[in-house]
Every structure is written in structure tokens, then in C-alpha cells.
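Pasted below: data37.txt, compact mmCIF, C-alpha atoms.
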```txt
# COMPACT_ATOMS: atom_id res chain seq x y z
CA MET G 527 59.05 110.45 49.74
CA THR G 528 58.58 108.21 52.75
CA GLY G 529 57.90 104.48 52.55
CA SER G 530 54.28 104.86 53.66
CA GLN G 531 53.65 107.58 51.10
CA GLU G 532 55.32 105.46 48.43
CA ILE G 533 53.01 102.55 49.21
CA SER G 534 49.86 104.67 49.39
CA VAL G 535 50.03 105.56 45.71
CA GLU G 536 50.49 101.94 44.51
CA ASP G 537 47.83 100.70 42.19
CA SER G 538 45.48 98.13 43.79
CA ASP G 539 45.95 95.87 40.75
CA LEU G 540 49.67 95.62 41.52
CA LEU G 541 48.90 94.88 45.18
CA THR G 542 46.59 92.09 44.04
CA GLU G 543 49.18 90.65 41.61
CA ILE G 544 51.87 90.61 44.29
CA SER G 545 49.48 89.11 46.85
CA VAL G 546 48.46 86.31 44.47
CA ALA G 547 52.10 85.59 43.67
CA TYR G 548 53.05 85.40 47.35
CA TYR G 549 50.02 83.79 49.03
CA GLN G 550 48.62 81.65 46.22
CA ASP G 551 51.55 80.82 43.94
CA GLY G 552 54.12 80.46 46.70
CA ALA G 553 56.66 82.93 45.31
CA THR G 554 59.19 84.30 47.79
CA GLN G 555 59.52 88.01 48.52
CA GLU G 556 62.96 87.90 46.85
CA GLU G 557 61.46 86.42 43.66
CA ILE G 558 58.70 89.05 43.64
CA SER G 559 61.30 91.77 44.20
CA ARG G 560 63.23 90.70 41.10
CA LYS G 561 60.13 90.19 38.94
CA TYR G 562 58.64 93.62 39.65
CA ALA G 563 61.98 95.47 40.06
CA ILE G 564 61.18 96.73 43.54
CA SER G 565 63.05 96.32 46.80
CA ARG G 566 62.35 93.37 49.08
CA ALA G 567 61.46 95.76 51.91
CA LYS G 568 58.86 97.40 49.68
CA VAL G 569 57.38 93.98 48.82
CA GLY G 570 56.91 93.35 52.55
CA ARG G 571 55.21 96.73 53.00
CA MET G 572 52.92 96.10 50.03
CA LEU G 573 51.88 92.68 51.37
CA LYS G 574 51.03 94.33 54.68
CA GLN G 575 49.02 97.01 52.88
CA ALA G 576 47.14 94.30 50.97
CA ARG G 577 46.14 92.74 54.31
CA ASP G 578 45.22 96.10 55.84
CA GLU G 579 43.02 97.04 52.87
CA GLY G 580 41.26 93.68 52.79
CA ILE G 581 42.74 92.56 49.48
CA VAL G 582 44.15 89.61 51.40
CA GLU G 583 42.25 87.85 54.20
CA ILE G 584 44.11 85.28 56.26
CA THR G 585 42.11 82.44 57.78
CA VAL G 586 43.67 79.98 60.19
CA LYS G 587 42.77 76.38 59.35
CA TYR G 588 43.05 74.35 62.53
CA HIS G 589 44.66 70.95 62.34
CA PRO G 590 42.48 68.09 63.68
CA VAL G 591 45.06 67.54 66.43
CA PHE G 592 44.32 71.08 67.64
CA SER G 593 40.59 70.28 67.85
CA ALA G 594 41.39 67.12 69.79
CA LYS G 595 43.35 69.17 72.33
CA VAL G 596 40.47 71.62 72.71
CA GLU G 597 38.08 68.69 73.21
CA GLN G 598 40.31 67.30 75.95
CA ARG G 599 40.43 70.66 77.72
CA LEU G 600 36.62 70.85 77.74
CA ILE G 601 36.35 67.30 79.05
CA GLU G 602 38.78 68.02 81.87
CA ARG G 603 37.34 71.45 82.73
CA PHE G 604 33.65 70.50 82.84
CA GLY G 605 33.72 66.77 83.56
CA ILE G 606 31.84 65.83 80.41
CA LYS G 607 32.13 62.55 78.50
CA ARG G 608 32.90 63.88 75.01
CA ALA G 609 33.30 67.15 73.13
CA LEU G 610 32.61 67.14 69.39
CA ILE G 611 34.46 70.17 68.03
CA ALA G 612 34.08 71.23 64.39
CA LEU G 613 36.57 73.41 62.55
CA ASP G 614 35.38 76.98 62.01
CA GLN G 615 33.44 77.59 58.81
CA PRO G 616 32.87 80.84 56.86
CA ASP G 617 29.13 81.07 57.52
CA GLU G 618 26.51 79.84 59.98
CA ALA G 619 24.85 77.37 57.61
CA GLN G 620 28.15 75.63 56.82
CA GLN G 621 29.07 75.63 60.51
CA ARG G 622 25.78 73.98 61.40
CA GLN G 623 26.29 71.31 58.74
CA GLN G 624 29.84 70.61 59.92
CA ILE G 625 28.68 70.11 63.51
CA ALA G 626 25.65 68.08 62.39
CA GLY G 627 28.03 65.73 60.58
CA LEU G 628 30.07 65.17 63.75
CA VAL G 629 26.94 64.46 65.82
CA SER G 630 25.46 62.22 63.14
CA ASN G 631 28.66 60.15 62.95
CA TYR G 632 28.81 59.95 66.73
CA LEU G 633 25.23 58.71 66.97
CA SER G 634 25.78 56.20 64.18
CA SER G 635 28.72 54.66 66.02
CA SER G 636 27.29 54.79 69.54
CA LEU G 637 23.55 54.02 69.31
CA LYS G 638 22.50 50.45 70.01
CA SER G 639 19.36 48.61 68.95
CA GLY G 640 16.62 48.82 71.55
CA GLN G 641 17.61 52.26 72.81
CA VAL G 642 15.26 55.23 73.19
CA ILE G 643 16.41 58.72 72.18
CA ALA G 644 14.63 61.83 73.52
CA VAL G 645 14.71 64.54 70.86
CA GLY G 646 14.45 68.31 71.16
CA GLN G 647 13.67 71.02 68.63
CA GLY G 648 15.42 73.71 66.64
CA ARG G 649 17.79 74.29 63.73
CA ASN G 650 20.81 72.48 65.13
CA VAL G 651 18.96 69.31 66.13
CA SER G 652 17.14 69.35 62.81
CA ALA G 653 20.45 69.58 60.93
CA VAL G 654 21.54 66.29 62.52
CA ALA G 655 18.37 64.56 61.33
CA HIS G 656 18.82 65.89 57.79
CA HIS G 657 22.55 65.28 57.52
CA VAL G 658 23.34 63.02 54.59
CA GLY G 659 25.75 60.26 55.48
CA VAL G 660 26.24 56.52 55.73
CA ILE G 661 24.15 55.24 58.64
CA SER G 662 23.98 51.70 59.99
CA PRO G 663 20.29 50.77 60.45
CA LYS G 664 19.31 50.31 64.08
CA ASP G 665 16.07 49.37 65.82
CA VAL G 666 15.87 52.51 67.95
CA LYS G 667 12.97 54.73 68.98
CA PHE G 668 13.02 58.54 68.79
CA VAL G 669 10.56 60.30 71.10
CA CYS G 670 9.73 64.01 71.35
CA SER G 671 10.97 65.65 74.56
CA ILE G 672 8.99 68.83 73.84
CA GLY G 673 5.61 69.57 72.26
CA GLY G 674 4.89 70.87 68.79
CA ILE G 675 5.57 74.38 67.60
CA HIS G 676 3.82 76.73 65.20
CA PRO G 677 3.50 75.38 61.65
CA ARG G 678 6.12 77.92 60.61
CA GLY G 679 8.55 75.84 62.62
CA GLY G 680 8.22 73.07 60.06
CA MET G 681 11.39 71.02 59.91
CA PHE G 682 12.59 72.45 63.25
CA ASN G 683 9.65 70.85 65.06
CA ALA G 684 10.63 68.01 67.42
CA ASP G 685 8.06 65.70 65.85
CA HIS G 686 9.38 66.31 62.33
CA ILE G 687 12.93 65.71 63.57
CA CYS G 688 11.93 62.45 65.28
CA ARG G 689 10.25 61.18 62.13
CA GLN G 690 13.25 62.11 60.00
CA LEU G 691 15.67 60.39 62.39
CA ALA G 692 13.47 57.27 62.46
CA LYS G 693 13.48 57.21 58.68
CA LYS G 694 17.24 57.70 58.61
CA TYR G 695 17.96 54.85 61.03
CA GLY G 696 15.10 52.56 60.08
CA GLY G 697 13.67 52.94 63.59
CA THR G 698 10.41 54.32 64.97
CA SER G 699 9.23 57.63 66.40
CA GLU G 700 6.68 58.78 68.96
CA THR G 701 4.89 62.13 68.84
CA LEU G 702 4.12 64.28 71.87
CA TYR G 703 0.53 65.33 71.16
CA ALA G 704 0.69 68.74 72.81
CA PRO G 705 1.82 72.24 71.94
CA ALA G 706 5.27 73.22 73.14
CA TYR G 707 3.99 76.53 74.44
CA ALA G 708 1.16 77.22 76.91
CA VAL G 709 -0.09 80.74 77.58
CA ASN G 710 0.06 80.18 81.35
CA ARG G 711 0.86 77.60 84.03
CA ALA G 712 -2.76 76.46 84.41
CA GLN G 713 -3.04 75.58 80.73
CA LYS G 714 0.28 73.74 80.86
CA LEU G 715 -0.78 71.66 83.87
CA ALA G 716 -4.03 70.75 82.13
CA PHE G 717 -2.10 69.38 79.16
CA MET G 718 0.32 67.54 81.45
CA GLU G 719 -2.58 65.67 83.06
CA ASN G 720 -3.61 64.12 79.74
CA ASP G 721 -2.83 60.37 79.77
CA THR G 722 -1.46 60.29 76.21
CA ILE G 723 0.87 63.22 76.91
CA LYS G 724 1.98 61.71 80.24
CA GLN G 725 2.76 58.39 78.56
CA THR G 726 4.99 59.99 75.92
CA LEU G 727 6.82 62.20 78.45
CA ASP G 728 7.37 59.18 80.71
CA LEU G 729 9.01 57.39 77.78
CA ALA G 730 11.21 60.44 77.11
CA ARG G 731 12.24 60.61 80.77
CA LYS G 732 13.46 56.99 80.59
CA ALA G 733 15.46 57.57 77.38
CA ASP G 734 19.00 56.26 77.04
CA VAL G 735 20.17 59.27 75.01
CA ALA G 736 18.90 62.84 74.56
CA LEU G 737 19.60 65.17 71.67
CA VAL G 738 18.94 68.84 72.48
CA GLY G 739 19.79 72.36 71.41
CA ILE G 740 21.07 75.23 73.54
CA GLY G 741 19.44 78.62 72.93
CA ASP G 742 20.79 82.08 73.70
CA MET G 743 18.78 84.95 75.16
CA SER G 744 18.19 87.43 72.39
CA GLU G 745 15.16 89.50 71.46
CA ASN G 746 15.77 88.13 67.97
CA SER G 747 15.78 84.52 69.15
CA TYR G 748 13.92 81.65 67.57
CA MET G 749 11.37 81.53 70.40
CA VAL G 750 10.59 85.23 70.01
CA ASP G 751 10.24 84.74 66.26
CA LEU G 752 7.71 81.97 66.90
CA GLY G 753 5.72 84.22 69.22
CA TRP G 754 6.31 82.16 72.36
CA PHE G 755 7.73 85.13 74.25
CA THR G 756 7.89 88.85 73.61
CA PRO G 757 11.20 90.68 73.09
CA GLN G 758 10.44 92.57 76.31
CA GLU G 759 10.11 89.33 78.31
CA VAL G 760 13.46 88.13 76.98
CA VAL G 761 15.20 91.43 77.76
CA GLN G 762 13.64 91.52 81.23
CA SER G 763 14.86 88.00 82.01
CA ARG G 764 18.33 88.79 80.76
CA LEU G 765 18.68 92.03 82.71
CA GLU G 766 16.87 91.13 85.94
CA GLN G 767 17.66 87.41 86.32
CA GLY G 768 20.92 87.29 84.36
CA VAL G 769 19.54 84.61 82.02
CA VAL G 770 22.03 83.68 79.27
CA GLY G 771 20.34 80.70 77.63
CA ASP G 772 17.73 77.98 77.53
CA PHE G 773 18.15 74.22 77.77
CA ALA G 774 16.22 72.28 75.12
CA GLY G 775 13.73 75.14 74.83
CA TYR G 776 12.55 74.59 78.40
CA ASP G 777 14.56 75.76 81.41
CA PHE G 778 16.35 79.12 81.49
CA PHE G 779 19.69 79.47 83.27
CA ASP G 780 22.32 82.05 84.19
CA ILE G 781 26.07 82.07 83.51
CA HIS G 782 26.68 79.99 86.66
CA GLY G 783 24.37 77.21 85.46
CA GLN G 784 21.65 78.05 87.99
CA ILE G 785 18.04 77.70 86.85
CA ALA G 786 16.34 81.10 86.79
CA ASN G 787 12.69 81.71 87.66
CA THR G 788 11.57 84.14 84.96
CA VAL G 789 8.37 85.48 83.42
CA MET G 790 8.90 82.80 80.76
CA SER G 791 9.24 79.89 83.17
CA ASP G 792 6.74 77.05 83.50
CA ARG G 793 5.02 77.65 80.17
CA ILE G 794 6.73 74.91 78.14
CA ILE G 795 5.30 71.40 77.77
CA GLY G 796 8.23 69.04 77.76
CA LEU G 797 11.12 67.74 79.87
CA SER G 798 12.79 70.06 82.36
CA ILE G 799 16.54 70.12 82.91
CA GLU G 800 16.10 68.08 86.09
CA GLU G 801 14.36 65.39 84.05
CA PHE G 802 17.26 65.27 81.61
CA ARG G 803 19.82 64.65 84.37
CA PRO G 804 19.03 60.92 84.87
CA ILE G 805 19.41 60.27 81.12
CA ALA G 806 22.75 58.53 80.62
CA GLU G 807 23.92 60.61 77.67
CA VAL G 808 22.65 64.12 76.98
CA ILE G 809 24.09 65.56 73.76
CA ALA G 810 23.81 69.37 73.49
CA ILE G 811 24.39 71.17 70.20
CA ALA G 812 25.05 74.84 69.38
CA ALA G 813 26.62 75.99 66.11
CA GLU G 814 26.07 79.75 66.22
CA ASN G 815 28.98 81.99 67.22
CA SER G 816 26.57 84.04 69.39
CA LYS G 817 26.28 81.23 71.95
CA PRO G 818 29.48 80.95 74.06
CA LEU G 819 27.79 82.45 77.15
CA ALA G 820 24.80 80.14 76.75
CA LEU G 821 27.08 77.14 76.28
CA LEU G 822 29.17 78.02 79.34
CA GLY G 823 26.04 78.32 81.48
CA ALA G 824 24.68 75.06 80.04
CA LEU G 825 27.91 73.19 80.78
CA ARG G 826 27.84 74.49 84.34
CA THR G 827 24.36 73.03 84.91
CA GLY G 828 26.01 69.61 85.00
CA ALA G 829 23.26 68.13 82.84
CA ILE G 830 25.35 67.78 79.66
CA ASP G 831 27.41 64.70 78.82
CA VAL G 832 28.43 65.52 75.24
CA ILE G 833 28.84 69.02 73.78
CA ALA G 834 28.94 69.73 70.04
CA THR G 835 30.08 73.14 68.81
CA SER G 836 32.79 75.01 66.88
CA VAL G 837 36.46 75.61 67.67
CA SER G 838 35.91 79.34 68.19
CA ASN G 839 32.97 78.73 70.56
CA ALA G 840 34.97 76.12 72.48
CA LEU G 841 37.97 78.44 72.91
CA THR G 842 35.73 81.32 74.01
CA ILE G 843 33.99 79.07 76.56
CA LEU G 844 37.34 78.01 78.02
CA ASN G 845 38.63 81.60 78.15
CA LEU G 846 35.43 82.92 79.76
CA ASP G 847 35.47 80.17 82.36
CA GLU G 848 39.12 80.85 83.16
CA GLN G 849 38.51 84.60 83.51
CA MET G 850 35.56 84.05 85.83
CA ARG G 851 37.49 81.60 87.97
CA PHE G 852 40.41 84.05 88.22
CA LYS G 853 38.10 86.92 89.30
CA SER G 854 36.44 84.78 91.96
CA GLU G 855 39.75 83.82 93.57
```

Will you turn the file into C-alpha cells for me?
Amino acid sequence: MTGSQEISVEDSDLLTEISVAYYQDGATQEEISRKYAISRAKVGRMLKQARDEGIVEITVKYHPVFSAKVEQRLIERFGIKRALIALDQPDEAQQRQQIAGLVSNYLSSSLKSGQVIAVGQGRNVSAVAHHVGVISPKDVKFVCSIGGIHPRGGMFNADHICRQLAKKYGGTSETLYAPAYAVNRAQKLAFMENDTIKQTLDLARKADVALVGIGDMSENSYMVDLGWFTPQEVVQSRLEQGVVGDFAGYDFFDIHGQIANTVMSDRIIGLSIEEFRPIAEVIAIAAENSKPLALLGALRTGAIDVIATSVSNALTILNLDEQMRFKSE
């Protein structure tokens, strides 16, 4: 009987016992060999089989020093001010919370009384506002950089996020009294002419800090779910214009960071990417592991000063950028 055949008939309970002894209890293969009266070589084969069959799953836990090195590579590669890199988590919700904690701590240590913070929408920005942590009260103002979304948006609405951040810091908030989405350019321009709306957007344009999310182009995206755009419009923009993401729910860009003119363009009431550029510190957040392409395109726009994402996203961004640079040479 060959070794592989010998292993294939082993009871899964024994594989589990040996795996627990080796990976959890710290027993050596020699100790396991003596305890179960099997050869050391067979122990090694059984441990491999346990991995192959999914009895054992190995997850690499990155040391904080590793994250710091990845942050430095991003800073050097894209000329940004900071990179806030969270260790990879087992699910999207935990990943979002981990990144929200990093951003929340960063804001707590860097915001100064008297500053104005322009705030975007979405799950990742909302997670920062709802993160529970020790915050030093500051007299700061949070202002919406985009209009309101459908009531289903709830806690992901920029206005809700602003109010929550103001409550968290003991500051104030200012609402943008307009919908985020207009059905056409004419309707958008009509809203933009309103004095109250102009006043709030002018304040957002002069902000000291901006907190925004980066979206990816998927027919299952948040904006499609809200009914802003149809799945067909998203697919068309992706295939015909090469769009990979959106910046703060407003401008759409390709992998090279170039703004794309799509069927979805010029229908959002809020700040454009060009209006974010003069803001001293634009913090962009993306937790989902579906967003490396969107993040790479966003970094290449040159409008981001601080990026907040996961280790796996950061490594993928760096690898993609390196591959594209190599192909272009």
C-alpha cells in the first residue's frame, strides 16, 4: 500500500486530533509519532492532508511592523502623506470596523479646534462616525460634501454621518439641503443655484480636512442599490470608458486616475474631485476586498492625501501598480 493510499483511509477524527495536537497544543511531530505509534513521515503526510481537506486553515497574522513597511511603500509610490493600513480580518464587517478605528484615532489626534471637515457618504465613512473610542472633544464643524440619499440610506447618509461626528466630538454639523442625485444635468444645475445649497458647498470647498469613501464599479454597487444608476449604466461605463471607481460618490475615474465622462456623470449634487484637490488633507477609505482597482485609480488621481484600507488591498494595489509600470516600459 502506498503512502497516499495509506493516508486516504485515515479517519477524519484522527486527522483532527493530530492537527489539534500539532497546531494548537504545540506538540512536535516526533511527540505525535510516539503518542499515536505512527512514523514521523506519516505524521507529516497527515498534517498535509488535514490542510488539503480544510480540517486545518492557516491564516497569516501580520506583525504591525509589516503594516508599517507597507504604509511606507504606499507613501513613497504615490506621494501621499499617510497610509492607515489595518490587519486583514475574517469578514467585511470586522474589516470595516478595524479600518474605522484607525481613521477615528487618526482624526482624534490630528483635528484641531476651529477646523472644518467635509464629509462624504457610505458604509466606510459611517463606520468612522459610529466607532466607539476615546475622543478628545474639539470645537470642529462637520459639513456635508454631498446631498442626501434615499431614506433607505439611513446611517450611510452624509447628513447623518455629520451629525454623529459632531455628537462624538462635541462639535457642530451643517446639512446640505439637496438630494445627492438629480435625474439630469438641468435639475442638478437648478439645485446648485439655490443660495442655501451654494453656501453649504462653499463651506465644504474651504474645508481643512475631507473624509470620503471610494466606490467600485459593480452592478451590485451601493449606488445601483439606491436606484441612482441602473446596472446597465454601470456596466456600460465600465466597458466603454474603463471606469473602475467613484470618488466620494461623485466623479468616476479609470485605472490611470483620469476622470471619465460617462452616462452617470454630472448628476450628483456635491463636490467634484477637482474641488477636493485644494483641501489640505483628503482622507479616503475603502475596506472591501473588491476595491484594489478602484483604490489604485483613486490614488493616481492625485487628490488623496491619506488612504485607509487593509493589508491585502494595499499589497494588491502595489503589485498592480508595479505590473502596469513594467508593461508600459

All residues 7 Å or closer to Leu600 in chain G, all atoms listed in the file, same chain fewer than 4 positions away omitted, as a PyMOL selection string:
chain G and resi 596+604+609

Counting all atoms listed in the file, which residues have an atom no more than 10 Å from (29.4, 79.1, 83.3) in the file's coordinates? Please list them as a PyMOL selection string.
chain G and resi 604+770+779-784+818-827+843-844+846-848+850-851

Can you tell me, as JSON, numbers by chain, what residues are no more than 12 Å from Ala594 in chain G when counting only C-alpha atoms, ignoring any on the same chain fewer than 4 positions away?
{"G": [588, 589, 590, 598, 599, 600, 601, 608, 609, 610, 611, 612, 613, 837, 840]}

Within 10 Å of file point (55.1, 86.0, 43.8), counting all atoms listed in the file, expressed as a PyMOL selection string:
chain G and resi 543-562+569

I need the residue nearest Gln620 in chain G from this list: G:Val660, G:Leu637, G:Val808, G:Ala653. Use only C-alpha atoms for the distance.
G:Ala653
